[in-house]
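**Q** Got input-v2.tsv for you, TSV, N, CA, C and O atoms:
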```
chain	number	residue	atom	x	y	z
A	25	MET	N	109.72	90.59	107.90
A	25	MET	CA	110.07	90.95	109.27
A	25	MET	C	109.30	92.22	109.63
A	25	MET	O	109.30	93.18	108.87
A	26	THR	N	108.70	92.22	110.79
A	26	THR	CA	107.98	93.40	111.24
A	26	THR	C	108.96	94.46	111.73
A	26	THR	O	110.13	94.17	111.98
A	27	ARG	N	108.46	95.67	111.89
A	27	ARG	CA	109.28	96.77	112.40
A	27	ARG	C	109.83	96.43	113.79
A	27	ARG	O	111.00	96.68	114.08
A	28	GLU	N	108.98	95.88	114.62
A	28	GLU	CA	109.40	95.51	115.97
A	28	GLU	C	110.49	94.44	115.94
A	28	GLU	O	111.47	94.53	116.69
A	29	GLU	N	110.35	93.45	115.09
A	29	GLU	CA	111.36	92.39	114.98
A	29	GLU	C	112.69	92.94	114.45
A	29	GLU	O	113.76	92.57	114.94
A	30	ALA	N	112.61	93.84	113.47
A	30	ALA	CA	113.83	94.43	112.91
A	30	ALA	C	114.54	95.28	113.94
A	30	ALA	O	115.77	95.23	114.06
A	31	LEU	N	113.77	96.05	114.71
A	31	LEU	CA	114.37	96.88	115.76
A	31	LEU	C	114.99	96.00	116.85
A	31	LEU	O	116.08	96.29	117.34
A	32	ARG	N	114.33	94.93	117.20
A	32	ARG	CA	114.85	94.00	118.22
A	32	ARG	C	116.18	93.41	117.75
A	32	ARG	O	117.12	93.28	118.54
A	33	ARG	N	116.30	93.09	116.48
A	33	ARG	CA	117.55	92.54	115.94
A	33	ARG	C	118.68	93.56	116.09
A	33	ARG	O	119.80	93.21	116.48
A	34	VAL	N	118.40	94.82	115.80
A	34	VAL	CA	119.40	95.88	115.97
A	34	VAL	C	119.78	96.01	117.44
A	34	VAL	O	120.97	96.08	117.78
A	35	GLN	N	118.79	96.04	118.31
A	35	GLN	CA	119.05	96.19	119.74
A	35	GLN	C	119.88	95.04	120.30
A	35	GLN	O	120.78	95.25	121.11
A	36	GLU	N	119.56	93.82	119.88
A	36	GLU	CA	120.31	92.66	120.37
A	36	GLU	C	121.77	92.72	119.95
A	36	GLU	O	122.67	92.48	120.76
A	37	ALA	N	122.01	93.03	118.68
A	37	ALA	CA	123.39	93.11	118.20
A	37	ALA	C	124.14	94.24	118.89
A	37	ALA	O	125.31	94.09	119.27
A	38	ASP	N	123.47	95.37	119.11
A	38	ASP	CA	124.08	96.50	119.80
A	38	ASP	C	124.45	96.14	121.24
A	38	ASP	O	125.52	96.49	121.73
A	39	PHE	N	123.56	95.43	121.91
A	39	PHE	CA	123.83	95.00	123.29
A	39	PHE	C	125.06	94.09	123.35
A	39	PHE	O	125.92	94.26	124.21
A	40	VAL	N	125.13	93.14	122.42
A	40	VAL	CA	126.28	92.23	122.39
A	40	VAL	C	127.56	93.02	122.17
A	40	VAL	O	128.56	92.78	122.85
A	41	LEU	N	127.54	93.96	121.24
A	41	LEU	CA	128.74	94.77	120.98
A	41	LEU	C	129.18	95.53	122.22
A	41	LEU	O	130.37	95.57	122.54
A	42	ASP	N	128.23	96.14	122.92
A	42	ASP	CA	128.57	96.88	124.13
A	42	ASP	C	129.17	95.96	125.19
A	42	ASP	O	130.17	96.30	125.84
A	43	ASP	N	128.58	94.81	125.36
A	43	ASP	CA	129.04	93.86	126.37
A	43	ASP	C	130.44	93.33	126.05
A	43	ASP	O	131.31	93.29	126.92
A	44	VAL	N	130.64	92.94	124.81
A	44	VAL	CA	131.95	92.40	124.42
A	44	VAL	C	133.01	93.51	124.45
A	44	VAL	O	134.16	93.25	124.81
A	45	ALA	N	132.62	94.74	124.12
A	45	ALA	CA	133.58	95.86	124.19
A	45	ALA	C	134.08	96.05	125.62
A	45	ALA	O	135.27	96.31	125.84
A	46	LEU	N	133.19	95.91	126.59
A	46	LEU	CA	133.61	96.01	127.98
A	46	LEU	C	134.61	94.92	128.34
A	46	LEU	O	135.60	95.16	129.03
A	47	PHE	N	134.35	93.71	127.86
A	47	PHE	CA	135.29	92.60	128.10
A	47	PHE	C	136.63	92.89	127.44
A	47	PHE	O	137.69	92.70	128.05
A	48	LEU	N	136.59	93.37	126.20
A	48	LEU	CA	137.82	93.66	125.48
A	48	LEU	C	138.61	94.80	126.12
A	48	LEU	O	139.84	94.85	126.00
A	49	ASP	N	137.93	95.70	126.82
A	49	ASP	CA	138.64	96.77	127.53
A	49	ASP	C	139.59	96.20	128.58
A	49	ASP	O	140.64	96.78	128.84
A	50	THR	N	139.23	95.08	129.16
A	50	THR	CA	140.07	94.47	130.20
A	50	THR	C	140.86	93.27	129.70
A	50	THR	O	141.74	92.78	130.40
A	51	HIS	N	140.52	92.78	128.50
A	51	HIS	CA	141.21	91.63	127.90
A	51	HIS	C	141.51	91.92	126.43
A	51	HIS	O	141.04	91.20	125.53
A	52	PRO	N	142.27	92.96	126.14
A	52	PRO	CA	142.46	93.39	124.75
A	52	PRO	C	143.18	92.40	123.85
A	52	PRO	O	143.08	92.49	122.62
A	53	SER	N	143.86	91.43	124.41
A	53	SER	CA	144.58	90.47	123.57
A	53	SER	C	143.81	89.17	123.37
A	53	SER	O	144.33	88.24	122.75
A	54	CYS	N	142.58	89.10	123.83
A	54	CYS	CA	141.76	87.89	123.67
A	54	CYS	C	141.25	87.81	122.23
A	54	CYS	O	140.32	88.51	121.84
A	55	GLN	N	141.86	86.94	121.46
A	55	GLN	CA	141.52	86.82	120.05
A	55	GLN	C	140.10	86.27	119.83
A	55	GLN	O	139.41	86.67	118.89
A	56	ALA	N	139.66	85.39	120.70
A	56	ALA	CA	138.30	84.83	120.57
A	56	ALA	C	137.26	85.93	120.76
A	56	ALA	O	136.29	86.02	120.01
A	57	ALA	N	137.48	86.79	121.74
A	57	ALA	CA	136.55	87.89	121.98
A	57	ALA	C	136.58	88.88	120.82
A	57	ALA	O	135.53	89.41	120.42
A	58	LEU	N	137.75	89.13	120.29
A	58	LEU	CA	137.88	90.05	119.16
A	58	LEU	C	137.15	89.50	117.93
A	58	LEU	O	136.44	90.24	117.25
A	59	ARG	N	137.29	88.21	117.68
A	59	ARG	CA	136.56	87.60	116.56
A	59	ARG	C	135.06	87.68	116.79
A	59	ARG	O	134.29	87.98	115.87
A	60	PHE	N	134.62	87.43	118.02
A	60	PHE	CA	133.21	87.52	118.36
A	60	PHE	C	132.70	88.94	118.15
A	60	PHE	O	131.61	89.15	117.60
A	61	PHE	N	133.49	89.92	118.57
A	61	PHE	CA	133.13	91.33	118.37
A	61	PHE	C	132.98	91.64	116.89
A	61	PHE	O	132.00	92.27	116.47
A	62	MET	N	133.93	91.21	116.09
A	62	MET	CA	133.88	91.47	114.65
A	62	MET	C	132.66	90.80	114.01
A	62	MET	O	132.04	91.37	113.11
A	63	GLU	N	132.31	89.61	114.47
A	63	GLU	CA	131.12	88.90	113.97
A	63	GLU	C	129.86	89.73	114.26
A	63	GLU	O	129.01	89.90	113.38
A	64	TYR	N	129.75	90.25	115.46
A	64	TYR	CA	128.56	91.02	115.82
A	64	TYR	C	128.60	92.44	115.27
A	64	TYR	O	127.55	93.06	115.09
A	65	GLN	N	129.77	92.92	114.95
A	65	GLN	CA	129.89	94.21	114.27
A	65	GLN	C	129.22	94.09	112.90
A	65	GLN	O	128.46	94.96	112.48
A	66	LYS	N	129.50	92.98	112.23
A	66	LYS	CA	128.88	92.71	110.93
A	66	LYS	C	127.38	92.52	111.09
A	66	LYS	O	126.59	93.05	110.31
A	67	GLU	N	126.97	91.77	112.10
A	67	GLU	CA	125.54	91.55	112.36
A	67	GLU	C	124.83	92.88	112.61
A	67	GLU	O	123.74	93.12	112.09
A	68	TYR	N	125.44	93.74	113.40
A	68	TYR	CA	124.85	95.05	113.70
A	68	TYR	C	124.70	95.89	112.43
A	68	TYR	O	123.65	96.48	112.18
A	69	THR	N	125.75	95.93	111.63
A	69	THR	CA	125.72	96.70	110.38
A	69	THR	C	124.62	96.19	109.46
A	69	THR	O	123.87	96.97	108.87
A	70	GLU	N	124.50	94.88	109.35
A	70	GLU	CA	123.46	94.29	108.50
A	70	GLU	C	122.06	94.56	109.06
A	70	GLU	O	121.13	94.87	108.31
A	71	ALA	N	121.91	94.47	110.38
A	71	ALA	CA	120.62	94.72	111.01
A	71	ALA	C	120.20	96.17	110.83
A	71	ALA	O	119.04	96.47	110.55
A	72	MET	N	121.15	97.09	110.99
A	72	MET	CA	120.86	98.51	110.79
A	72	MET	C	120.45	98.78	109.35
A	72	MET	O	119.47	99.49	109.09
A	73	ALA	N	121.19	98.23	108.41
A	73	ALA	CA	120.88	98.44	106.99
A	73	ALA	C	119.51	97.87	106.65
A	73	ALA	O	118.73	98.52	105.93
A	74	ALA	N	119.19	96.70	107.17
A	74	ALA	CA	117.89	96.09	106.91
A	74	ALA	C	116.76	96.94	107.49
A	74	ALA	O	115.74	97.18	106.83
A	75	PHE	N	116.95	97.42	108.73
A	75	PHE	CA	115.92	98.23	109.35
A	75	PHE	C	115.72	99.52	108.56
A	75	PHE	O	114.61	99.89	108.22
A	76	GLU	N	116.82	100.21	108.28
A	76	GLU	CA	116.73	101.51	107.62
A	76	GLU	C	116.20	101.42	106.20
A	76	GLU	O	115.50	102.32	105.74
A	77	SER	N	116.48	100.33	105.50
A	77	SER	CA	115.97	100.20	104.14
A	77	SER	C	114.46	99.99	104.13
A	77	SER	O	113.78	100.41	103.21
A	78	GLN	N	113.94	99.40	105.18
A	78	GLN	CA	112.51	99.12	105.24
A	78	GLN	C	111.72	100.17	106.03
A	78	GLN	O	110.60	100.50	105.67
A	79	PHE	N	112.32	100.72	107.10
A	79	PHE	CA	111.56	101.58	108.00
A	79	PHE	C	112.13	102.99	108.18
A	79	PHE	O	111.55	103.79	108.89
A	80	GLY	N	113.27	103.27	107.58
A	80	GLY	CA	113.86	104.60	107.71
A	80	GLY	C	114.96	104.62	108.75
A	80	GLY	O	115.23	103.63	109.43
A	81	PRO	N	115.60	105.78	108.91
A	81	PRO	CA	116.76	105.88	109.79
A	81	PRO	C	116.41	105.73	111.27
A	81	PRO	O	115.33	106.11	111.70
A	82	LEU	N	117.36	105.19	112.02
A	82	LEU	CA	117.21	105.05	113.47
A	82	LEU	C	117.74	106.26	114.22
A	82	LEU	O	117.37	106.50	115.36
A	83	THR	N	118.63	107.00	113.61
A	83	THR	CA	119.18	108.19	114.25
A	83	THR	C	119.14	109.35	113.26
A	83	THR	O	119.13	109.15	112.04
A	84	ALA	N	119.13	110.55	113.80
A	84	ALA	CA	119.11	111.74	112.94
A	84	ALA	C	120.36	111.81	112.06
A	84	ALA	O	120.30	112.33	110.95
A	85	GLU	N	121.45	111.26	112.53
A	85	GLU	CA	122.69	111.29	111.76
A	85	GLU	C	122.59	110.48	110.47
A	85	GLU	O	123.36	110.68	109.54
A	86	ASP	N	121.64	109.55	110.40
A	86	ASP	CA	121.49	108.68	109.24
A	86	ASP	C	120.45	109.16	108.24
A	86	ASP	O	120.15	108.46	107.28
A	87	VAL	N	119.90	110.34	108.44
A	87	VAL	CA	118.87	110.87	107.54
A	87	VAL	C	119.49	111.22	106.19
A	87	VAL	O	120.56	111.81	106.11
A	88	ASP	N	118.80	110.83	105.13
A	88	ASP	CA	119.19	111.22	103.77
A	88	ASP	C	118.57	112.60	103.52
A	88	ASP	O	117.37	112.73	103.31
A	89	THR	N	119.39	113.64	103.56
A	89	THR	CA	118.88	115.00	103.47
A	89	THR	C	118.62	115.46	102.04
A	89	THR	O	118.20	116.60	101.83
A	90	THR	N	118.82	114.59	101.07
A	90	THR	CA	118.53	114.98	99.68
A	90	THR	C	117.04	115.24	99.48
A	90	THR	O	116.66	115.95	98.55
A	91	GLN	N	116.20	114.69	100.35
A	91	GLN	CA	114.76	114.90	100.28
A	91	GLN	C	114.28	115.88	101.35
A	91	GLN	O	113.11	115.89	101.70
A	92	GLY	N	115.18	116.63	101.94
A	92	GLY	CA	114.84	117.54	103.02
A	92	GLY	C	115.02	116.86	104.37
A	92	GLY	O	115.63	115.79	104.47
A	93	TRP	N	114.47	117.47	105.40
A	93	TRP	CA	114.61	116.94	106.76
A	93	TRP	C	113.48	115.94	107.01
A	93	TRP	O	112.42	116.27	107.52
A	94	THR	N	113.71	114.69	106.63
A	94	THR	CA	112.68	113.65	106.70
A	94	THR	C	112.64	112.95	108.05
A	94	THR	O	111.82	112.06	108.25
A	95	TRP	N	113.53	113.30	108.95
A	95	TRP	CA	113.62	112.64	110.25
A	95	TRP	C	112.29	112.66	111.00
A	95	TRP	O	111.96	111.74	111.73
A	96	VAL	N	111.52	113.72	110.83
A	96	VAL	CA	110.27	113.87	111.59
A	96	VAL	C	109.08	113.18	110.93
A	96	VAL	O	107.97	113.24	111.44
A	97	GLN	N	109.28	112.53	109.81
A	97	GLN	CA	108.19	111.83	109.13
A	97	GLN	C	108.11	110.40	109.64
A	97	GLN	O	109.11	109.76	109.90
A	98	GLY	N	106.91	109.90	109.76
A	98	GLY	CA	106.71	108.53	110.21
A	98	GLY	C	106.91	108.40	111.70
A	98	GLY	O	107.21	109.37	112.40
A	99	PRO	N	106.75	107.20	112.22
A	99	PRO	CA	106.92	107.01	113.67
A	99	PRO	C	108.39	107.15	114.07
A	99	PRO	O	109.29	106.89	113.28
A	100	TRP	N	108.61	107.60	115.29
A	100	TRP	CA	109.96	107.68	115.82
A	100	TRP	C	110.47	106.26	116.03
A	100	TRP	O	109.70	105.33	116.21
A	101	PRO	N	111.78	106.06	116.00
A	101	PRO	CA	112.32	104.69	116.12
A	101	PRO	C	111.84	103.95	117.37
A	101	PRO	O	111.70	102.73	117.35
A	102	TRP	N	111.61	104.65	118.45
A	102	TRP	CA	111.22	103.98	119.70
A	102	TRP	C	109.71	103.79	119.80
A	102	TRP	O	109.24	103.15	120.73
A	103	GLU	N	108.95	104.32	118.88
A	103	GLU	CA	107.50	104.15	118.91
A	103	GLU	C	107.13	102.86	118.21
A	103	GLU	O	107.56	102.60	117.09
A	104	MET	N	106.32	102.07	118.85
A	104	MET	CA	105.84	100.83	118.26
A	104	MET	C	104.46	101.06	117.67
A	104	MET	O	103.65	101.76	118.25
A	105	GLU	N	104.24	100.49	116.54
A	105	GLU	CA	102.93	100.60	115.91
A	105	GLU	C	101.96	99.68	116.63
A	105	GLU	O	102.33	98.63	117.12
A	106	GLU	N	100.73	100.11	116.71
A	106	GLU	CA	99.72	99.30	117.41
A	106	GLU	C	98.89	98.53	116.43
A	106	GLU	O	98.77	98.75	115.33
```
Render the structure in this file as structure tokens.
**A**
Amino acid sequence: MTREEALRRVQEADFVLDDVALFLDTHPSCQAALRFFMEYQKEYTEAMAAFESQFGPLTAEDVDTTQGWTWVQGPWPWEMEE
């Protein structure tokens, strides 16, 4: 999977979570929506882990500081390689 494809997977899962969260705000007892949210919560977590294991952290909060401040190394998450 390319960096762009991995980032797209994270973005898609994040978008779904945001959208379903809005629905759940007005329909909190909808079990189908809650199950759907939980499914995409897992998808998002897996997508983030896959991206970060291959390309590094997406946010500064996810930096492994045992090697110093590595956040500024490599391309920024929003920069696409040419």
**Q** Within 12 Å of A:Met72, counting only C-alpha atoms, which residues show up once you throw out same-chain ones fewer than 5 positions away? Write them as number ranges by chain, please.
**A** A: 27, 30-38, 64-67, 77-83, 86, 101
**Q** Limited to N, CA, C and O atoms, could you put the picked residues into a file as a PDB file, in the frame of the given file?
**A**
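So out_27.pdb came out as:
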```pdb
ATOM      1  N   ARG A  27     108.460  95.670 111.890  1.00  0.00           N
ATOM      2  CA  ARG A  27     109.280  96.770 112.400  1.00  0.00           C
ATOM      3  C   ARG A  27     109.830  96.430 113.790  1.00  0.00           C
ATOM      4  O   ARG A  27     111.000  96.680 114.080  1.00  0.00           O
ATOM      5  N   ALA A  30     112.610  93.840 113.470  1.00  0.00           N
ATOM      6  CA  ALA A  30     113.830  94.430 112.910  1.00  0.00           C
ATOM      7  C   ALA A  30     114.540  95.280 113.940  1.00  0.00           C
ATOM      8  O   ALA A  30     115.770  95.230 114.060  1.00  0.00           O
ATOM      9  N   LEU A  31     113.770  96.050 114.710  1.00  0.00           N
ATOM     10  CA  LEU A  31     114.370  96.880 115.760  1.00  0.00           C
ATOM     11  C   LEU A  31     114.990  96.000 116.850  1.00  0.00           C
ATOM     12  O   LEU A  31     116.080  96.290 117.340  1.00  0.00           O
ATOM     13  N   ARG A  32     114.330  94.930 117.200  1.00  0.00           N
ATOM     14  CA  ARG A  32     114.850  94.000 118.220  1.00  0.00           C
ATOM     15  C   ARG A  32     116.180  93.410 117.750  1.00  0.00           C
ATOM     16  O   ARG A  32     117.120  93.280 118.540  1.00  0.00           O
ATOM     17  N   ARG A  33     116.300  93.090 116.480  1.00  0.00           N
ATOM     18  CA  ARG A  33     117.550  92.540 115.940  1.00  0.00           C
ATOM     19  C   ARG A  33     118.680  93.560 116.090  1.00  0.00           C
ATOM     20  O   ARG A  33     119.800  93.210 116.480  1.00  0.00           O
ATOM     21  N   VAL A  34     118.400  94.820 115.800  1.00  0.00           N
ATOM     22  CA  VAL A  34     119.400  95.880 115.970  1.00  0.00           C
ATOM     23  C   VAL A  34     119.780  96.010 117.440  1.00  0.00           C
ATOM     24  O   VAL A  34     120.970  96.080 117.780  1.00  0.00           O
ATOM     25  N   GLN A  35     118.790  96.040 118.310  1.00  0.00           N
ATOM     26  CA  GLN A  35     119.050  96.190 119.740  1.00  0.00           C
ATOM     27  C   GLN A  35     119.880  95.040 120.300  1.00  0.00           C
ATOM     28  O   GLN A  35     120.780  95.250 121.110  1.00  0.00           O
ATOM     29  N   GLU A  36     119.560  93.820 119.880  1.00  0.00           N
ATOM     30  CA  GLU A  36     120.310  92.660 120.370  1.00  0.00           C
ATOM     31  C   GLU A  36     121.770  92.720 119.950  1.00  0.00           C
ATOM     32  O   GLU A  36     122.670  92.480 120.760  1.00  0.00           O
ATOM     33  N   ALA A  37     122.010  93.030 118.680  1.00  0.00           N
ATOM     34  CA  ALA A  37     123.390  93.110 118.200  1.00  0.00           C
ATOM     35  C   ALA A  37     124.140  94.240 118.890  1.00  0.00           C
ATOM     36  O   ALA A  37     125.310  94.090 119.270  1.00  0.00           O
ATOM     37  N   ASP A  38     123.470  95.370 119.110  1.00  0.00           N
ATOM     38  CA  ASP A  38     124.080  96.500 119.800  1.00  0.00           C
ATOM     39  C   ASP A  38     124.450  96.140 121.240  1.00  0.00           C
ATOM     40  O   ASP A  38     125.520  96.490 121.730  1.00  0.00           O
ATOM     41  N   TYR A  64     129.750  90.250 115.460  1.00  0.00           N
ATOM     42  CA  TYR A  64     128.560  91.020 115.820  1.00  0.00           C
ATOM     43  C   TYR A  64     128.600  92.440 115.270  1.00  0.00           C
ATOM     44  O   TYR A  64     127.550  93.060 115.090  1.00  0.00           O
ATOM     45  N   GLN A  65     129.770  92.920 114.950  1.00  0.00           N
ATOM     46  CA  GLN A  65     129.890  94.210 114.270  1.00  0.00           C
ATOM     47  C   GLN A  65     129.220  94.090 112.900  1.00  0.00           C
ATOM     48  O   GLN A  65     128.460  94.960 112.480  1.00  0.00           O
ATOM     49  N   LYS A  66     129.500  92.980 112.230  1.00  0.00           N
ATOM     50  CA  LYS A  66     128.880  92.710 110.930  1.00  0.00           C
ATOM     51  C   LYS A  66     127.380  92.520 111.090  1.00  0.00           C
ATOM     52  O   LYS A  66     126.590  93.050 110.310  1.00  0.00           O
ATOM     53  N   GLU A  67     126.970  91.770 112.100  1.00  0.00           N
ATOM     54  CA  GLU A  67     125.540  91.550 112.360  1.00  0.00           C
ATOM     55  C   GLU A  67     124.830  92.880 112.610  1.00  0.00           C
ATOM     56  O   GLU A  67     123.740  93.120 112.090  1.00  0.00           O
ATOM     57  N   SER A  77     116.480 100.330 105.500  1.00  0.00           N
ATOM     58  CA  SER A  77     115.970 100.200 104.140  1.00  0.00           C
ATOM     59  C   SER A  77     114.460  99.990 104.130  1.00  0.00           C
ATOM     60  O   SER A  77     113.780 100.410 103.210  1.00  0.00           O
ATOM     61  N   GLN A  78     113.940  99.400 105.180  1.00  0.00           N
ATOM     62  CA  GLN A  78     112.510  99.120 105.240  1.00  0.00           C
ATOM     63  C   GLN A  78     111.720 100.170 106.030  1.00  0.00           C
ATOM     64  O   GLN A  78     110.600 100.500 105.670  1.00  0.00           O
ATOM     65  N   PHE A  79     112.320 100.720 107.100  1.00  0.00           N
ATOM     66  CA  PHE A  79     111.560 101.580 108.000  1.00  0.00           C
ATOM     67  C   PHE A  79     112.130 102.990 108.180  1.00  0.00           C
ATOM     68  O   PHE A  79     111.550 103.790 108.890  1.00  0.00           O
ATOM     69  N   GLY A  80     113.270 103.270 107.580  1.00  0.00           N
ATOM     70  CA  GLY A  80     113.860 104.600 107.710  1.00  0.00           C
ATOM     71  C   GLY A  80     114.960 104.620 108.750  1.00  0.00           C
ATOM     72  O   GLY A  80     115.230 103.630 109.430  1.00  0.00           O
ATOM     73  N   PRO A  81     115.600 105.780 108.910  1.00  0.00           N
ATOM     74  CA  PRO A  81     116.760 105.880 109.790  1.00  0.00           C
ATOM     75  C   PRO A  81     116.410 105.730 111.270  1.00  0.00           C
ATOM     76  O   PRO A  81     115.330 106.110 111.700  1.00  0.00           O
ATOM     77  N   LEU A  82     117.360 105.190 112.020  1.00  0.00           N
ATOM     78  CA  LEU A  82     117.210 105.050 113.470  1.00  0.00           C
ATOM     79  C   LEU A  82     117.740 106.260 114.220  1.00  0.00           C
ATOM     80  O   LEU A  82     117.370 106.500 115.360  1.00  0.00           O
ATOM     81  N   THR A  83     118.630 107.000 113.610  1.00  0.00           N
ATOM     82  CA  THR A  83     119.180 108.190 114.250  1.00  0.00           C
ATOM     83  C   THR A  83     119.140 109.350 113.260  1.00  0.00           C
ATOM     84  O   THR A  83     119.130 109.150 112.040  1.00  0.00           O
ATOM     85  N   ASP A  86     121.640 109.550 110.400  1.00  0.00           N
ATOM     86  CA  ASP A  86     121.490 108.680 109.240  1.00  0.00           C
ATOM     87  C   ASP A  86     120.450 109.160 108.240  1.00  0.00           C
ATOM     88  O   ASP A  86     120.150 108.460 107.280  1.00  0.00           O
ATOM     89  N   PRO A 101     111.780 106.060 116.000  1.00  0.00           N
ATOM     90  CA  PRO A 101     112.320 104.690 116.120  1.00  0.00           C
ATOM     91  C   PRO A 101     111.840 103.950 117.370  1.00  0.00           C
ATOM     92  O   PRO A 101     111.700 102.730 117.350  1.00  0.00           O
TER      93      PRO A 101
END
```
**Q** From the DSSP assignment of the backbone, select every residue of chain A that is alpha helix (DSSP H), and format the answer as number ranges by chain.
**A** A: 27-50, 55-79
**Q** So which residues touch A:Ala57 within 7 Å, counting only N, CA, C and O atoms, skipping near sequence neighbours fewer than 5 positions away, as a VMD selection string?
**A** chain A and resid 44 48 51 62 to 63
**Q** So, counting only N, CA, C and O atoms, which residue among A:Leu41, A:Ala74, A:Leu58, A:Leu46 is closest to A:Met25?
**A** A:Ala74
**Q** Which distance in Å separates atom CA of A:Asp49 and atom CA of A:Tyr68, to one decimal?
**A**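 Between these atoms lies a distance of 19.6 Å.
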**Q** Kindly give the distance, in Å, that separates atom C of A:Glu29 and atom O of A:Gly92, rounded to a single decimal.
**A** 25.1 Å
**Q** So how many Å separate atom N of A:Trp95 and atom N of A:Thr69, to one decimal?
**A**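 Interatomic distance, atom N of A:Trp95 to atom N of A:Thr69: 21.4 Å.
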